[in-house]
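Student: The structure is given below, and queries will be raised subsequently.
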Amino acid sequence: MKKFRKLVSIDKVALTETGIRELQNYAESIELAQDIPENDEEIVQRIGDADAVLLSANSRLEADVMTQAPNLRYVGMCCSLYSEESANVDIPYARAHGIEVKGIRDYGDHGVVEYVIYQLVKLLHGYEGRMWKSAPMEITGLKVGFVGLGTSGGMTADALQFLGADISYFARAEKPERTAQGFHFKDLKTLLSESDVIITALNKNVILLHEEEFEALGKGKIMFNTSIGPAADMEPLRKWIEDPENIFCCDTKGAIGEIADEVMAYPNVYCMNASAGMTCQAYELLSRKVLDNIRSVLEV
């Protein structure tokens, strides 16, 4: 198998120790950064004359940087790649200049499913604080609506249906296999108005909840955002959160957005500020997928 001449990471990537050891097989020289670069100039310095680069979701690789990396021919994203538009790498520039970019996805979904069940059960039964209704409730019969039904949303929906929830969803198109499973496909506003619990599971940088959608959602609901970033406009979300009858749940501040520091202290906002998806198993899967991408490039 061929090797890269020099492989570097421009920031601290989430590879396991085993993954880092295996990485030694694929490059003659390896330099892995342990922090996040402060600016593009520092990124240029870290890349230097490398022909392969790794980066996490915490950094960006823009065209201006790649123009100053003449030897670069491979970029490995150690983070989710859902679309070119949402990527933290300028993929069109890379493609036009013969630089191959590969990303990964679907490595941290199981932890998200567990988080939603954990937080929802606490709220329904009143464990460790607030109880959603005046008496404890089961998930059985609960009307749960999903905004987005990709891998993560689909896995969460499957788990909640197994526990007895009545599942509806909004997506770009109806999914016949989900209809056969008993899921109900609805337009967005109908989904929001008819659901007790809303779970947004969208790709990065996809905002679907605006003022009209929050009006349709109404009061007294539980909302989870399990997307990588915000799924709602900030001002309508702020207004909805300010009503104490509503409950908002997420794992990280990034899932709230720019108003996070302001609303985190609200008693109806439940945010652990820790990624639910990044478990030991997720890091192992991430590492394996990153290494698989590298091998696929070198074997060509």
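Labeling convention for the structure tokens: chains A, B, ... as they appear, residues from 1 per chain, ligands from 1 in order of appearance.
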Just list the residues in segment 22-59 of chain A DSSP gives alpha helix (DSSP H) on the backbone, as a ChimeraX atom specification.
Tutor: /A:22-23,40-47
Student: Can I get the residues of segment 137-256 of chain A within 12 Å of segment 278-296 of chain A, each with the closest pair of atoms and their distance in Å to one decimal, using only C-alpha atoms, sorted chain first then ascending number, as a tab-separated table?
Tutor:
residue	atom	partner	partner_atom	distance
A:Ile228	CA	A:Met278	CA	12.0
A:Asp251	CA	A:Met278	CA	10.8
A:Thr252	CA	A:Met278	CA	11.5
Student: I need the residue nearest Val13 of chain A from this list: A:Thr179, A:Gln68, A:Asn58, A:Thr200. Use only C-alpha atoms for the distance.
Tutor: A:Asn58
Student: Can you work out the spacing between atom CA of Thr67 of chain A and atom CA of Asp90 of chain A in Å, to one decimal?
Tutor: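 According to the coordinates, atom CA of Thr67 of chain A and atom CA of Asp90 of chain A are separated by 11.4 Å.
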Student: Near segment 118-132 of chain A, counting only C-alpha atoms, which residues have an atom at most 9 Å away, once you skip same-chain residues fewer than 4 positions from it, shown as a PyMOL selection string?
Tutor: chain A and resi 113-114+136-139+220-222+245+247+249+267-268+270
Student: Those residues you just picked out, can you put them in a file as a PDB file, in the first residue's frame with N, CA and C atoms?
Tutor:
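Produced file out19.pdb, reproduced below:
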ATOM      1  N   VAL A 113     -29.776   8.514  21.203  1.00  0.00           N
ATOM      2  CA  VAL A 113     -31.006   7.785  21.525  1.00  0.00           C
ATOM      3  C   VAL A 113     -31.133   7.608  23.041  1.00  0.00           C
ATOM      4  N   GLU A 114     -30.064   7.194  23.671  1.00  0.00           N
ATOM      5  CA  GLU A 114     -30.092   6.977  25.117  1.00  0.00           C
ATOM      6  C   GLU A 114     -30.354   8.281  25.868  1.00  0.00           C
ATOM      7  N   PRO A 136     -47.423  11.327  37.059  1.00  0.00           N
ATOM      8  CA  PRO A 136     -46.430  10.636  36.232  1.00  0.00           C
ATOM      9  C   PRO A 136     -47.062  10.030  34.973  1.00  0.00           C
ATOM     10  N   MET A 137     -46.297  10.056  33.893  1.00  0.00           N
ATOM     11  CA  MET A 137     -46.767   9.511  32.623  1.00  0.00           C
ATOM     12  C   MET A 137     -45.743   8.556  32.042  1.00  0.00           C
ATOM     13  N   GLU A 138     -46.248   7.588  31.266  1.00  0.00           N
ATOM     14  CA  GLU A 138     -45.379   6.699  30.517  1.00  0.00           C
ATOM     15  C   GLU A 138     -45.155   7.265  29.108  1.00  0.00           C
ATOM     16  N   ILE A 139     -44.190   6.689  28.417  1.00  0.00           N
ATOM     17  CA  ILE A 139     -44.002   7.018  27.005  1.00  0.00           C
ATOM     18  C   ILE A 139     -45.136   6.428  26.175  1.00  0.00           C
ATOM     19  N   GLY A 220     -46.831  24.441  26.279  1.00  0.00           N
ATOM     20  CA  GLY A 220     -46.939  23.227  27.081  1.00  0.00           C
ATOM     21  C   GLY A 220     -46.306  22.008  26.448  1.00  0.00           C
ATOM     22  N   LYS A 221     -45.377  22.216  25.529  1.00  0.00           N
ATOM     23  CA  LYS A 221     -44.733  21.112  24.826  1.00  0.00           C
ATOM     24  C   LYS A 221     -43.308  20.896  25.349  1.00  0.00           C
ATOM     25  N   ILE A 222     -42.770  19.740  25.014  1.00  0.00           N
ATOM     26  CA  ILE A 222     -41.361  19.438  25.254  1.00  0.00           C
ATOM     27  C   ILE A 222     -40.659  19.409  23.903  1.00  0.00           C
ATOM     28  N   GLU A 245     -44.139  27.331  30.685  1.00  0.00           N
ATOM     29  CA  GLU A 245     -44.898  26.120  30.400  1.00  0.00           C
ATOM     30  C   GLU A 245     -44.173  25.222  29.402  1.00  0.00           C
ATOM     31  N   ILE A 247     -40.755  23.375  27.662  1.00  0.00           N
ATOM     32  CA  ILE A 247     -39.512  22.735  28.109  1.00  0.00           C
ATOM     33  C   ILE A 247     -38.617  22.491  26.900  1.00  0.00           C
ATOM     34  N   CYS A 249     -34.865  20.870  25.650  1.00  0.00           N
ATOM     35  CA  CYS A 249     -33.805  19.948  26.051  1.00  0.00           C
ATOM     36  C   CYS A 249     -32.779  19.789  24.928  1.00  0.00           C
ATOM     37  N   PRO A 267     -35.058  27.534  34.370  1.00  0.00           N
ATOM     38  CA  PRO A 267     -35.416  26.234  34.955  1.00  0.00           C
ATOM     39  C   PRO A 267     -36.086  25.284  33.975  1.00  0.00           C
ATOM     40  N   ASN A 268     -36.572  25.797  32.843  1.00  0.00           N
ATOM     41  CA  ASN A 268     -37.220  24.935  31.846  1.00  0.00           C
ATOM     42  C   ASN A 268     -36.294  24.586  30.688  1.00  0.00           C
ATOM     43  N   TYR A 270     -33.051  22.276  29.833  1.00  0.00           N
ATOM     44  CA  TYR A 270     -32.246  21.157  30.316  1.00  0.00           C
ATOM     45  C   TYR A 270     -31.122  20.910  29.312  1.00  0.00           C
TER      46      TYR A 270
END
Student: What is the distance, in Å and to one decimal place, between atom CA of Arg5 of chain A and atom CA of Ile30 of chain A?
Tutor: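 Separation between atom CA of Arg5 of chain A and atom CA of Ile30 of chain A: 8.8 Å.
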Student: At a cut-off of 12 Å, can you tabulate as a Markdown table every residue of segment 193-260 of chain A near segment 149-173 of chain A together with its closest atom pair and the distance in Å to one decimal, using only C-alpha atoms and ordering rows by chain then number?
Tutor:
| residue | atom | partner | partner_atom | distance |
| --- | --- | --- | --- | --- |
| A:Ser193 | CA | A:Ser168 | CA | 11.5 |
| A:Glu194 | CA | A:Ser168 | CA | 9.2 |
| A:Ser195 | CA | A:Ser168 | CA | 8.0 |
| A:Asp196 | CA | A:Asp166 | CA | 10.0 |
| A:Val197 | CA | A:Ile167 | CA | 9.9 |
| A:Ile198 | CA | A:Tyr169 | CA | 9.3 |
| A:Ile199 | CA | A:Gly153 | CA | 7.9 |
| A:Thr200 | CA | A:Gly153 | CA | 7.8 |
| A:Ala201 | CA | A:Gly153 | CA | 5.4 |
| A:Leu202 | CA | A:Gly150 | CA | 7.8 |
| A:Asn203 | CA | A:Gly150 | CA | 8.8 |
| A:Leu208 | CA | A:Phe170 | CA | 10.6 |
| A:Phe224 | CA | A:Gly153 | CA | 11.1 |
| A:Asn225 | CA | A:Gly153 | CA | 10.4 |
| A:Thr226 | CA | A:Gly153 | CA | 8.2 |
| A:Ser227 | CA | A:Ser152 | CA | 9.0 |
| A:Ile228 | CA | A:Ser152 | CA | 10.9 |
Student: Near Ala57 of chain A, within 10 Å and counting only C-alpha atoms, which residues show up once chain neighbours fewer than 6 positions away are dropped, as an NGL selection string?
Tutor: :A and (11-14 or 77-81 or 87-89)
Student: Output the selection as a CSV table (one decimal), in the first residue's frame - N, CA and C atoms for each residue.
Tutor:
chain,number,residue,atom,x,y,z
A,11,ASP,N,-5.8,20.5,14.0
A,11,ASP,CA,-6.3,20.6,15.4
A,11,ASP,C,-6.3,19.3,16.0
A,12,LYS,N,-6.8,19.2,17.2
A,12,LYS,CA,-6.9,17.9,18.0
A,12,LYS,C,-8.0,17.1,17.5
A,13,VAL,N,-7.7,16.0,16.8
A,13,VAL,CA,-8.8,15.1,16.3
A,13,VAL,C,-9.1,14.0,17.3
A,14,ALA,N,-10.3,13.5,17.2
A,14,ALA,CA,-10.8,12.5,18.2
A,14,ALA,C,-10.5,11.1,17.9
A,77,MET,N,-11.8,14.6,7.0
A,77,MET,CA,-12.6,15.2,8.1
A,77,MET,C,-13.0,14.2,9.1
A,78,CYS,N,-12.5,14.4,10.3
A,78,CYS,CA,-12.8,13.5,11.5
A,78,CYS,C,-14.0,14.0,12.2
A,79,CYS,N,-15.0,14.2,11.4
A,79,CYS,CA,-16.3,14.8,11.8
A,79,CYS,C,-17.3,14.5,10.7
A,80,SER,N,-18.6,14.9,11.0
A,80,SER,CA,-19.7,14.5,10.1
A,80,SER,C,-19.6,15.4,8.8
A,81,LEU,N,-19.8,14.7,7.7
A,81,LEU,CA,-20.0,15.4,6.4
A,81,LEU,C,-21.4,15.0,5.9
A,87,ALA,N,-20.3,21.7,5.2
A,87,ALA,CA,-19.0,21.2,5.5
A,87,ALA,C,-18.1,22.3,6.0
A,88,ASN,N,-17.1,22.0,6.9
A,88,ASN,CA,-16.1,23.0,7.3
A,88,ASN,C,-14.9,22.9,6.5
A,89,VAL,N,-15.0,22.4,5.3
A,89,VAL,CA,-13.9,22.4,4.3
A,89,VAL,C,-14.5,22.9,3.0
